[in-house]
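Undergrad: What follows is a single structure, and I will ask about it in a moment.
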Amino acid sequence: MSAGQGSTGNVIAAICSFFVPGLGQLFQGRVLSAILWFVSACVAFAVTWLLTLSLLPFGWFVVSIFACVNAALYRRPAG
């Protein structure tokens, strides 16, 4: 799907990961990475929801930014 950094596939994957962490990695065919990003986002959301007494659960957003960058910078291994 994606040839390297800046390719159309990586841009689409990054946009997908911004909205749902892990969706971009799933688009790239990296299933384990997608599951880990999604679970991390859920845990971060729960932790920040508890710590801020449900006023500002920003954990999902923070993880989605990192997942977005991870999807955008992905390079398929040579092979």
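Ordering of the structure tokens sets the chain letters (A, B, ...); residue numbers start at 1 within each chain; ligands are numbered from 1 in the order shown.
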List every residue of chain A that DSSP, applied to the backbone, labels as helix (DSSP H, G or I), and write the result as JSON, numbers by chain.

TA: {"A": [8, 9, 10, 11, 12, 13, 14, 15, 16, 17, 18, 19, 23, 24, 25, 26, 27, 31, 32, 33, 34, 35, 36, 37, 38, 39, 40, 41, 42, 43, 44, 45, 46, 47, 48, 49, 50, 51, 59, 60, 61, 62, 63, 64, 65, 66, 67, 68, 69, 70, 71, 72]}

Undergrad: Please identify all polymer residues within 6 Å of stretch 16-33 of chain A, counting only C-alpha atoms, omitting same-chain residues fewer than 6 positions from it, and present them as an MDAnalysis selection string.

TA: chainID A and resid 64 67:68 71

Undergrad: For N, CA and C atoms, I'd like the residues from the last selection saved as an mmCIF file, in the first residue's frame.

TA:
```cif
data_model
loop_
_atom_site.group_PDB
_atom_site.id
_atom_site.type_symbol
_atom_site.label_atom_id
_atom_site.label_comp_id
_atom_site.auth_asym_id
_atom_site.auth_seq_id
_atom_site.Cartn_x
_atom_site.Cartn_y
_atom_site.Cartn_z
ATOM 1 N N SER A 64 -3.501 9.483 19.854
ATOM 2 C CA SER A 64 -3.823 9.574 18.426
ATOM 3 C C SER A 64 -2.779 10.389 17.668
ATOM 4 N N ALA A 67 0.158 7.982 17.221
ATOM 5 C CA ALA A 67 -0.195 6.965 16.228
ATOM 6 C C ALA A 67 -0.188 7.560 14.822
ATOM 7 N N CYS A 68 -0.625 8.786 14.715
ATOM 8 C CA CYS A 68 -0.632 9.494 13.435
ATOM 9 C C CYS A 68 0.801 9.662 12.913
ATOM 10 N N ALA A 71 2.241 6.269 11.823
ATOM 11 C CA ALA A 71 1.726 5.839 10.518
ATOM 12 C C ALA A 71 2.356 6.651 9.385
#
```

Undergrad: I need the residue nearest A:Cys42 from this list: A:Ala14, A:Val63, A:Ala78, A:Ala72. Use only C-alpha atoms for the distance.

TA: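 The answer is A:Val63, which sits nearest to A:Cys42.
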
Undergrad: What's around A:Val47 at 12 Å? Count only C-alpha atoms, leave out sequence neighbours fewer than 3 positions away in its own chain, and write the answer as an MDAnalysis selection string.

TA: chainID A and resid 40:44 50:54 56:60

Undergrad: Given only C-alpha atoms as the basis, pick out the residue of A:Phe45, A:Leu55, A:Val62, A:Val69 nearest to A:Ile12.

TA: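 Of A:Phe45, A:Leu55, A:Val62, A:Val69, the one nearest A:Ile12, counting only C-alpha atoms, is A:Val69.
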
Undergrad: What's the separation between atom CA of A:Val11 and atom CA of A:Phe61, in Å to one decimal place?

TA: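 Result for atom CA of A:Val11 versus atom CA of A:Phe61: 18.3 Å, one decimal.
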